[in-house]
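S.K.: The following block contains the structure, expressed as structure tokens.
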Amino acid sequence: MEESEWSAKYPLLRSLRDLRECFWINDQKRPAAQAAGNCPFTIRDIEDASDRLDRFAPYLAAAFPETAVSGGILESPLREIPRMKKALEEQSGVPIDGRLLLKCDSELPISGSIKARGGIYEVLKHAEELAVEEGLLSWTDDYARLAEPRFREFFSRYKIAVGSTGNLGLSIGIMSAKLGFHVTVHMSADARQWKKDMLRGLGVHVVEYENDYSLAVTEGRRQAQSDPSCHFIDDENSKDLFLGYAVAALRLKKQLEEMRIAVDREHPLFVYLPCGVGGGPGGVAFGIKTLFGDAAHCFFAEPTHSPCMLLGLYTGRYDGVCVQDIGIDNRTAADGLAVGRCSHLVGRLMHPFISGAMTVSDRHMYRLLARMADTEGIRLEPSALAGVPGVLNLLGTGEGRGYLVREKLAGFQGQFTHIAWATGGSMVPADVMEEYYRKGTEGE
Ligand SMILES: *Cc1c(COP(=O)(O)O)cnc(C)c1O
């Protein structure tokens, strides 16, 4: 299609190309039951993944002592953030009547980001398959045995590889190295030095690329294909990653119940998820929509410089289009979100489930980072702030209010629960965090 035709058909492209912050409502969203009917995964798949993580819990508790307090279950707190809420209201002039919560995946054990869900899950699933096939393990065993040296020796005959902007590499690298696998992480140019250093310190083979994430994945996949002993964790296509992330919804449901927060038609749940390639936020959103149906409304949030999912959904081209095609550079300080082309699996799959998507500037993420630290004492990496403006977009823009009217929710605002998914941060070294914070306070 000619560029002028594109612009006429897709007016939002101009705003995207001009790097303006956008809020897009998805007119292809379907009732949850209908969306689920066309989806290859069900609640069974999420429960199967959850059961697998339960089987591995004794191993994780033994291998990573910091997880022993939670019995080897990797989960993060769900926190009310009233002071941040007040700051957002004051700065925007938009009243937030309902609750605003932060899902602190930044505090997930082992790797400090949302990647501790899907990434670790896929490594564990692969290890289980190999060990069971070899006759070394059965599903009814106490998996604490996996910490024994003979398992490390066994896994050292196998390889794992992954392409990453940083955090996925960190999760896969740490988990695979602990089990004894030979692991190679293909890091895109966005990956931070400290992540590469940390992995090399664990004996992980880190390959660096001067190009962006898509190339690191393609190259990693190509190299792995020629080696039958190598399992490539494919962030653009993996069902296991996706389902590992989806388990978050079962845990979230429990946390909401413990906090006595109702989720139903008149008490809707709005979730704002920072999105890179889409596996993490897509998997979490899939779980949430599967458990809460039409009472849940999920939005993706991306940097203005890397709006690959918004672009893919909006044009219906999914991974058939990338941000560079419309003249965007995919250069952002939000390294976890520096992806120019969305997941082959997730774009299509999640289109009927998702309420909308938004873009947030790097400057805005930095400011929110400093504000979150000042008001709540919570330290996050830039990517993890991308979902925070979601509540203001929903309540404070014409697009958002139009959505609430169509969903017959206008007037219930006092009963809304908003969750910003804070996807990472606790592993960031103090000096790097200080620099982030300083950037967020510049010019104030
Ligand atoms: C990876 C990542 C995301 C997004 O997950 P995708 O699966 O890439 O969409 C969000 N925030 C942080 C901090 C991440 O590392």
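Chain lettering (A, B, ...) mirrors the order of the structure tokens, residue numbering begins at 1 for each chain separately, and ligand numbering begins at 1 in order of display.
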List every residue of region 155-250 of chain A that DSSP, applied to the backbone of this structure, assigns to strand (DSSP E), and report them as an MDAnalysis selection string.

M.R.: chainID A and resid 159:164 182:187 205:208 230:233

S.K.: Please give me, as a compact mmCIF listing (two decimals) with all heavy atoms, in the first residue's frame, the residues lying within 9 Å of ligand 1 when counting only C-alpha atoms and all ligand atoms.

M.R.:
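Listed below is the output, pocket35.txt:
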# COMPACT_ATOMS: atom_id res chain seq x y z
N ASP A 105 5.90 -7.02 40.28
CA ASP A 105 6.75 -8.07 39.70
C ASP A 105 8.23 -7.69 39.75
O ASP A 105 9.09 -8.54 39.54
CB ASP A 105 6.34 -8.37 38.25
CG ASP A 105 5.25 -9.43 38.17
OD1 ASP A 105 4.70 -9.79 39.24
OD2 ASP A 105 4.95 -9.90 37.06
N SER A 106 8.48 -6.42 40.00
CA SER A 106 9.86 -5.98 40.24
C SER A 106 10.48 -6.77 41.40
O SER A 106 11.68 -6.92 41.48
CB SER A 106 9.86 -4.49 40.58
OG SER A 106 8.87 -4.23 41.56
N GLY A 112 13.95 -10.73 39.48
CA GLY A 112 13.49 -9.35 39.65
C GLY A 112 12.68 -8.75 38.52
O GLY A 112 12.62 -7.52 38.39
N SER A 113 12.04 -9.59 37.70
CA SER A 113 11.16 -9.03 36.67
C SER A 113 10.10 -10.05 36.29
O SER A 113 10.17 -11.22 36.69
CB SER A 113 11.95 -8.61 35.42
OG SER A 113 12.18 -9.73 34.59
N ILE A 114 9.16 -9.59 35.50
CA ILE A 114 8.06 -10.46 35.03
C ILE A 114 8.61 -11.71 34.34
O ILE A 114 7.95 -12.74 34.28
CB ILE A 114 7.11 -9.65 34.11
CG1 ILE A 114 5.85 -10.45 33.76
CG2 ILE A 114 7.83 -9.19 32.85
CD1 ILE A 114 4.76 -9.64 33.06
N LYS A 115 9.86 -11.63 33.83
CA LYS A 115 10.45 -12.78 33.14
C LYS A 115 10.70 -13.96 34.08
O LYS A 115 10.97 -15.07 33.62
CB LYS A 115 11.77 -12.39 32.47
CG LYS A 115 11.68 -11.22 31.52
CD LYS A 115 10.73 -11.50 30.39
CE LYS A 115 10.82 -10.47 29.26
NZ LYS A 115 10.75 -9.07 29.67
N GLY A 118 7.36 -16.50 33.02
CA GLY A 118 7.44 -17.34 31.82
C GLY A 118 8.81 -17.95 31.57
O GLY A 118 8.93 -19.13 31.24
N SER A 164 17.32 -11.88 23.65
CA SER A 164 16.70 -11.06 24.69
C SER A 164 17.18 -9.62 24.65
O SER A 164 18.28 -9.32 24.18
CB SER A 164 17.06 -11.68 26.05
OG SER A 164 16.68 -10.85 27.11
N THR A 165 16.35 -8.71 25.18
CA THR A 165 16.79 -7.34 25.42
C THR A 165 17.42 -7.21 26.81
O THR A 165 17.83 -6.14 27.20
CB THR A 165 15.63 -6.33 25.34
OG1 THR A 165 14.69 -6.64 26.37
CG2 THR A 165 14.92 -6.39 24.01
N GLY A 166 17.44 -8.30 27.57
CA GLY A 166 18.09 -8.26 28.88
C GLY A 166 17.43 -9.13 29.92
O GLY A 166 18.02 -10.10 30.40
N ASN A 167 16.19 -8.80 30.28
CA ASN A 167 15.59 -9.49 31.42
C ASN A 167 15.25 -10.95 31.16
O ASN A 167 15.36 -11.79 32.05
CB ASN A 167 14.32 -8.75 31.88
CG ASN A 167 14.67 -7.49 32.66
OD1 ASN A 167 15.78 -7.36 33.18
ND2 ASN A 167 13.73 -6.57 32.73
N LEU A 168 14.83 -11.27 29.93
CA LEU A 168 14.55 -12.68 29.65
C LEU A 168 15.85 -13.47 29.72
O LEU A 168 15.90 -14.56 30.29
CB LEU A 168 13.88 -12.85 28.28
CG LEU A 168 13.45 -14.29 27.98
CD1 LEU A 168 12.39 -14.78 28.97
CD2 LEU A 168 12.93 -14.43 26.55
N ASP A 235 11.02 -16.31 22.19
CA ASP A 235 10.18 -15.26 22.76
C ASP A 235 9.10 -14.77 21.78
O ASP A 235 8.12 -14.17 22.18
CB ASP A 235 11.09 -14.09 23.17
CG ASP A 235 10.48 -13.19 24.24
OD1 ASP A 235 9.47 -13.59 24.84
OD2 ASP A 235 11.03 -12.11 24.46
N GLU A 236 9.28 -15.02 20.51
CA GLU A 236 8.29 -14.55 19.53
C GLU A 236 7.20 -15.60 19.25
O GLU A 236 6.22 -15.30 18.60
CB GLU A 236 8.98 -14.19 18.20
CG GLU A 236 9.90 -12.99 18.33
CD GLU A 236 10.67 -12.69 17.04
OE1 GLU A 236 10.91 -13.62 16.25
OE2 GLU A 236 11.02 -11.52 16.85
N LEU A 241 6.28 -20.18 27.30
CA LEU A 241 6.48 -18.87 27.94
C LEU A 241 5.13 -18.26 28.26
O LEU A 241 4.87 -17.80 29.38
CB LEU A 241 7.22 -17.92 27.00
CG LEU A 241 8.74 -17.99 26.90
CD1 LEU A 241 9.22 -16.99 25.85
CD2 LEU A 241 9.37 -17.66 28.24
N PHE A 242 4.27 -18.25 27.26
CA PHE A 242 2.95 -17.62 27.37
C PHE A 242 2.16 -18.19 28.55
O PHE A 242 1.61 -17.46 29.37
CB PHE A 242 2.22 -17.86 26.04
CG PHE A 242 0.89 -17.18 25.91
CD1 PHE A 242 0.80 -15.84 25.56
CD2 PHE A 242 -0.29 -17.90 26.11
CE1 PHE A 242 -0.43 -15.22 25.41
CE2 PHE A 242 -1.52 -17.28 25.97
CZ PHE A 242 -1.60 -15.94 25.61
N TYR A 245 3.54 -17.28 32.00
CA TYR A 245 3.10 -15.94 32.40
C TYR A 245 1.64 -15.96 32.88
O TYR A 245 1.26 -15.26 33.81
CB TYR A 245 3.21 -14.97 31.23
CG TYR A 245 4.62 -14.57 30.85
CD1 TYR A 245 5.13 -14.84 29.58
CD2 TYR A 245 5.44 -13.90 31.75
CE1 TYR A 245 6.42 -14.46 29.22
CE2 TYR A 245 6.72 -13.52 31.41
CZ TYR A 245 7.21 -13.81 30.14
OH TYR A 245 8.48 -13.42 29.79
N LEU A 273 -0.56 -3.18 31.27
CA LEU A 273 0.61 -4.04 31.19
C LEU A 273 1.67 -3.54 30.22
O LEU A 273 1.41 -3.45 29.01
CB LEU A 273 0.16 -5.43 30.72
CG LEU A 273 -0.79 -6.17 31.67
CD1 LEU A 273 -1.87 -6.93 30.88
CD2 LEU A 273 -0.01 -7.13 32.55
N PRO A 274 2.87 -3.23 30.72
CA PRO A 274 3.96 -2.86 29.82
C PRO A 274 4.23 -3.98 28.82
O PRO A 274 4.31 -5.15 29.20
CB PRO A 274 5.15 -2.67 30.77
CG PRO A 274 4.53 -2.31 32.08
CD PRO A 274 3.27 -3.14 32.13
N CYS A 275 4.38 -3.62 27.55
CA CYS A 275 4.46 -4.64 26.50
C CYS A 275 5.69 -4.45 25.63
O CYS A 275 5.92 -3.36 25.10
CB CYS A 275 3.19 -4.55 25.65
SG CYS A 275 3.10 -5.76 24.34
N GLY A 276 6.46 -5.52 25.50
CA GLY A 276 7.57 -5.54 24.56
C GLY A 276 7.14 -6.37 23.37
O GLY A 276 6.33 -5.95 22.55
N VAL A 277 7.63 -7.62 23.29
CA VAL A 277 7.23 -8.49 22.20
C VAL A 277 5.80 -9.00 22.42
O VAL A 277 5.11 -9.37 21.47
CB VAL A 277 8.25 -9.64 22.04
CG1 VAL A 277 8.14 -10.64 23.17
CG2 VAL A 277 8.13 -10.33 20.70
N GLY A 278 5.36 -9.04 23.68
CA GLY A 278 3.97 -9.36 23.97
C GLY A 278 3.74 -10.63 24.77
O GLY A 278 2.64 -10.85 25.29
N GLY A 279 4.75 -11.48 24.90
CA GLY A 279 4.57 -12.76 25.59
C GLY A 279 4.16 -12.57 27.06
O GLY A 279 3.22 -13.20 27.53
N GLY A 280 4.88 -11.71 27.76
CA GLY A 280 4.60 -11.48 29.18
C GLY A 280 3.22 -10.88 29.39
O GLY A 280 2.34 -11.49 30.00
N PRO A 281 3.00 -9.67 28.86
CA PRO A 281 1.69 -9.04 29.06
C PRO A 281 0.57 -9.83 28.40
O PRO A 281 -0.55 -9.88 28.92
CB PRO A 281 1.85 -7.67 28.41
CG PRO A 281 2.99 -7.82 27.46
CD PRO A 281 3.92 -8.81 28.10
N GLY A 282 0.86 -10.47 27.26
CA GLY A 282 -0.17 -11.27 26.59
C GLY A 282 -0.57 -12.46 27.44
O GLY A 282 -1.76 -12.73 27.63
N GLY A 283 0.41 -13.15 27.98
CA GLY A 283 0.12 -14.32 28.82
C GLY A 283 -0.64 -13.92 30.08
O GLY A 283 -1.64 -14.56 30.43
N PHE A 300 -2.40 -2.76 26.91
CA PHE A 300 -0.95 -2.84 26.76
C PHE A 300 -0.37 -1.42 26.74
O PHE A 300 -0.99 -0.50 26.20
CB PHE A 300 -0.58 -3.53 25.44
CG PHE A 300 -0.89 -5.01 25.40
CD1 PHE A 300 -1.19 -5.62 24.18
CD2 PHE A 300 -0.85 -5.79 26.54
CE1 PHE A 300 -1.45 -6.99 24.11
CE2 PHE A 300 -1.10 -7.17 26.48
CZ PHE A 300 -1.41 -7.76 25.27
N GLU A 302 3.26 0.75 25.77
CA GLU A 302 4.55 0.66 25.07
C GLU A 302 5.21 2.03 24.99
O GLU A 302 4.54 3.06 25.07
CB GLU A 302 4.32 0.15 23.63
CG GLU A 302 3.72 -1.24 23.56
CD GLU A 302 3.46 -1.69 22.15
OE1 GLU A 302 2.59 -1.09 21.48
OE2 GLU A 302 4.13 -2.63 21.69
N MET A 309 3.27 -3.53 19.28
CA MET A 309 2.01 -4.25 19.47
C MET A 309 0.83 -3.37 19.05
O MET A 309 -0.08 -3.83 18.37
CB MET A 309 1.87 -4.69 20.94
CG MET A 309 0.67 -5.54 21.22
SD MET A 309 0.64 -7.11 20.32
CE MET A 309 1.71 -8.12 21.31
N ALA A 334 13.51 2.40 27.91
CA ALA A 334 12.78 1.28 28.52
C ALA A 334 13.25 -0.01 27.85
O ALA A 334 12.59 -0.55 26.96
CB ALA A 334 11.28 1.49 28.33
N ASP A 335 14.42 -0.49 28.28
CA ASP A 335 15.06 -1.59 27.54
C ASP A 335 14.22 -2.85 27.50
O ASP A 335 14.28 -3.61 26.54
CB ASP A 335 16.47 -1.87 28.09
CG ASP A 335 16.53 -1.95 29.59
OD1 ASP A 335 16.21 -0.93 30.25
OD2 ASP A 335 16.88 -3.00 30.12
N GLY A 336 13.40 -3.09 28.51
CA GLY A 336 12.53 -4.28 28.51
C GLY A 336 11.47 -4.23 27.42
O GLY A 336 10.84 -5.23 27.12
N LEU A 337 11.26 -3.04 26.86
CA LEU A 337 10.18 -2.86 25.88
C LEU A 337 10.71 -2.50 24.50
O LEU A 337 9.93 -2.15 23.61
CB LEU A 337 9.23 -1.75 26.37
CG LEU A 337 8.76 -1.85 27.83
CD1 LEU A 337 7.86 -0.67 28.17
CD2 LEU A 337 8.02 -3.16 28.07
N ALA A 338 12.02 -2.58 24.32
CA ALA A 338 12.64 -2.13 23.06
C ALA A 338 12.49 -3.19 21.99
O ALA A 338 13.44 -3.87 21.61
CB ALA A 338 14.11 -1.80 23.30
N VAL A 339 11.29 -3.34 21.49
CA VAL A 339 10.98 -4.37 20.50
C VAL A 339 10.24 -3.70 19.34
O VAL A 339 9.26 -2.98 19.55
CB VAL A 339 10.11 -5.49 21.11
CG1 VAL A 339 9.76 -6.53 20.07
CG2 VAL A 339 10.82 -6.14 22.30
N CYS A 342 6.06 -7.26 16.92
CA CYS A 342 5.42 -8.01 18.01
C CYS A 342 5.48 -9.52 17.76
O CYS A 342 5.76 -9.98 16.65
CB CYS A 342 3.98 -7.55 18.21
SG CYS A 342 2.82 -8.12 16.96
N SER A 343 5.20 -10.26 18.79
CA SER A 343 5.21 -11.73 18.76
C SER A 343 4.27 -12.29 17.69
O SER A 343 3.13 -11.83 17.54
CB SER A 343 4.76 -12.23 20.13
OG SER A 343 4.28 -13.56 20.07
N LEU A 380 11.62 1.18 40.61
CA LEU A 380 11.31 0.38 39.42
C LEU A 380 12.25 0.76 38.29
O LEU A 380 12.82 1.85 38.29
CB LEU A 380 9.87 0.64 38.98
CG LEU A 380 8.78 0.33 40.01
CD1 LEU A 380 7.41 0.80 39.50
CD2 LEU A 380 8.73 -1.17 40.33
N GLU A 381 12.38 -0.12 37.29
CA GLU A 381 13.12 0.26 36.09
C GLU A 381 12.16 0.99 35.14
O GLU A 381 10.93 0.86 35.27
CB GLU A 381 13.78 -0.96 35.45
CG GLU A 381 12.85 -2.05 34.99
CD GLU A 381 13.63 -3.27 34.48
OE1 GLU A 381 13.99 -3.30 33.28
OE2 GLU A 381 13.86 -4.19 35.28
N PRO A 382 12.68 1.77 34.19
CA PRO A 382 11.80 2.60 33.36
C PRO A 382 10.64 1.83 32.73
O PRO A 382 9.48 2.28 32.79
CB PRO A 382 12.74 3.17 32.30
CG PRO A 382 14.08 3.24 32.98
CD PRO A 382 14.12 2.04 33.89
N SER A 383 10.91 0.65 32.16
CA SER A 383 9.84 -0.13 31.51
C SER A 383 8.65 -0.36 32.43
O SER A 383 7.50 -0.40 31.99
CB SER A 383 10.37 -1.52 31.11
OG SER A 383 11.42 -1.42 30.20
N ALA A 384 8.93 -0.55 33.70
CA ALA A 384 7.91 -0.96 34.65
C ALA A 384 6.90 0.14 34.96
O ALA A 384 5.86 -0.10 35.57
CB ALA A 384 8.57 -1.42 35.95
N LEU A 385 7.21 1.36 34.51
CA LEU A 385 6.30 2.48 34.76
C LEU A 385 5.30 2.70 33.62
O LEU A 385 4.38 3.49 33.73
CB LEU A 385 7.11 3.77 34.95
CG LEU A 385 7.73 4.07 36.32
CD1 LEU A 385 6.67 4.06 37.40
CD2 LEU A 385 8.86 3.15 36.68
N ALA A 386 5.50 2.00 32.51
CA ALA A 386 4.73 2.30 31.29
C ALA A 386 3.23 2.17 31.50
O ALA A 386 2.44 2.90 30.88
CB ALA A 386 5.18 1.41 30.14
N TRP A 421 0.86 -2.90 36.19
CA TRP A 421 1.75 -4.06 36.37
C TRP A 421 3.20 -3.53 36.34
O TRP A 421 3.67 -3.10 35.29
CB TRP A 421 1.51 -5.09 35.27
CG TRP A 421 1.79 -6.48 35.73
CD1 TRP A 421 3.01 -7.09 35.81
CD2 TRP A 421 0.82 -7.45 36.19
NE1 TRP A 421 2.85 -8.38 36.30
CE2 TRP A 421 1.53 -8.62 36.54
CE3 TRP A 421 -0.56 -7.42 36.35
CZ2 TRP A 421 0.90 -9.76 37.03
CZ3 TRP A 421 -1.20 -8.55 36.84
CH2 TRP A 421 -0.47 -9.72 37.18
N ALA A 422 3.85 -3.57 37.47
CA ALA A 422 5.23 -3.05 37.57
C ALA A 422 6.18 -4.20 37.28
O ALA A 422 6.42 -5.05 38.13
CB ALA A 422 5.47 -2.48 38.96
N THR A 423 6.71 -4.22 36.07
CA THR A 423 7.29 -5.45 35.54
C THR A 423 8.75 -5.72 35.90
O THR A 423 9.25 -6.80 35.60
CB THR A 423 7.17 -5.44 34.00
OG1 THR A 423 7.52 -4.12 33.55
CG2 THR A 423 5.76 -5.75 33.56
N GLY A 424 9.44 -4.76 36.52
CA GLY A 424 10.83 -5.08 36.84
C GLY A 424 11.53 -3.99 37.62
O GLY A 424 11.06 -2.84 37.67
N GLY A 425 12.66 -4.34 38.22
CA GLY A 425 13.47 -3.30 38.85
C GLY A 425 14.36 -3.69 40.00
O GLY A 425 15.39 -3.05 40.22

S.K.: Can you pull out the residues contacting Leu368 (chain A)? Cut-off 12 Å, using only C-alpha atoms, and skip same-chain residues under 5 positions away; I want them as a ChimeraX atom specification.

M.R.: /A:84-85,87-88,91,360-363,373-376,378-389,422,436-441

S.K.: Using only C-alpha atoms, determine which residues lie at most 9 Å from Asp264 (chain A), disregarding the query and same-chain residues fewer than 5 positions distant; provide the list as an MDAnalysis selection string.

M.R.: chainID A and resid 269 292:296

S.K.: Save out the residues we just selected, C-alpha atoms, as a PDB file, in the first residue's frame.

M.R.:
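Just written: again.pdb:
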ATOM      1  CA  LEU A 269     -10.819  -4.705  36.990  1.00  0.00           C
ATOM      2  CA  PHE A 292     -12.466 -12.812  35.143  1.00  0.00           C
ATOM      3  CA  GLY A 293     -14.060 -12.711  31.684  1.00  0.00           C
ATOM      4  CA  ASP A 294     -15.864  -9.504  30.773  1.00  0.00           C
ATOM      5  CA  ALA A 295     -15.282  -8.037  34.237  1.00  0.00           C
ATOM      6  CA  ALA A 296     -11.602  -7.550  33.322  1.00  0.00           C
TER       7      ALA A 296
END

S.K.: Grab the CA of Ala262 (chain A) to CA of His418 (chain A) distance for me, in Å with one decimal place.

M.R.: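 Going from CA of Ala262 (chain A) over to CA of His418 (chain A) covers 12.2 Å.
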
S.K.: So how far away is CA of Lys253 (chain A) from CA of His297 (chain A), in Å?

M.R.: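 CA of Lys253 (chain A) lies at a distance of 14.5 Å from CA of His297 (chain A).
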
S.K.: Using only C-alpha atoms, can you tell me which of A:Ala285, A:Met259, A:Ala8, A:Leu13 comes closest to Tyr314 (chain A)?

M.R.: A:Leu13

S.K.: When distances are computed from only C-alpha atoms, which of A:Thr290, A:Gln255, A:Gln324, A:Ser156 shows the smallest separation from His305 (chain A)?

M.R.: A:Gln324

S.K.: Mind listing the helix (DSSP H, G or I) residues of region 25-271 of chain A, per DSSP on the backbone, as a PyMOL selection string?

M.R.: chain A and resi 32-37+43-63+65-70+82-92+105-107+115-133+143-147+149-155+167-179+193-201+213-225+239-258
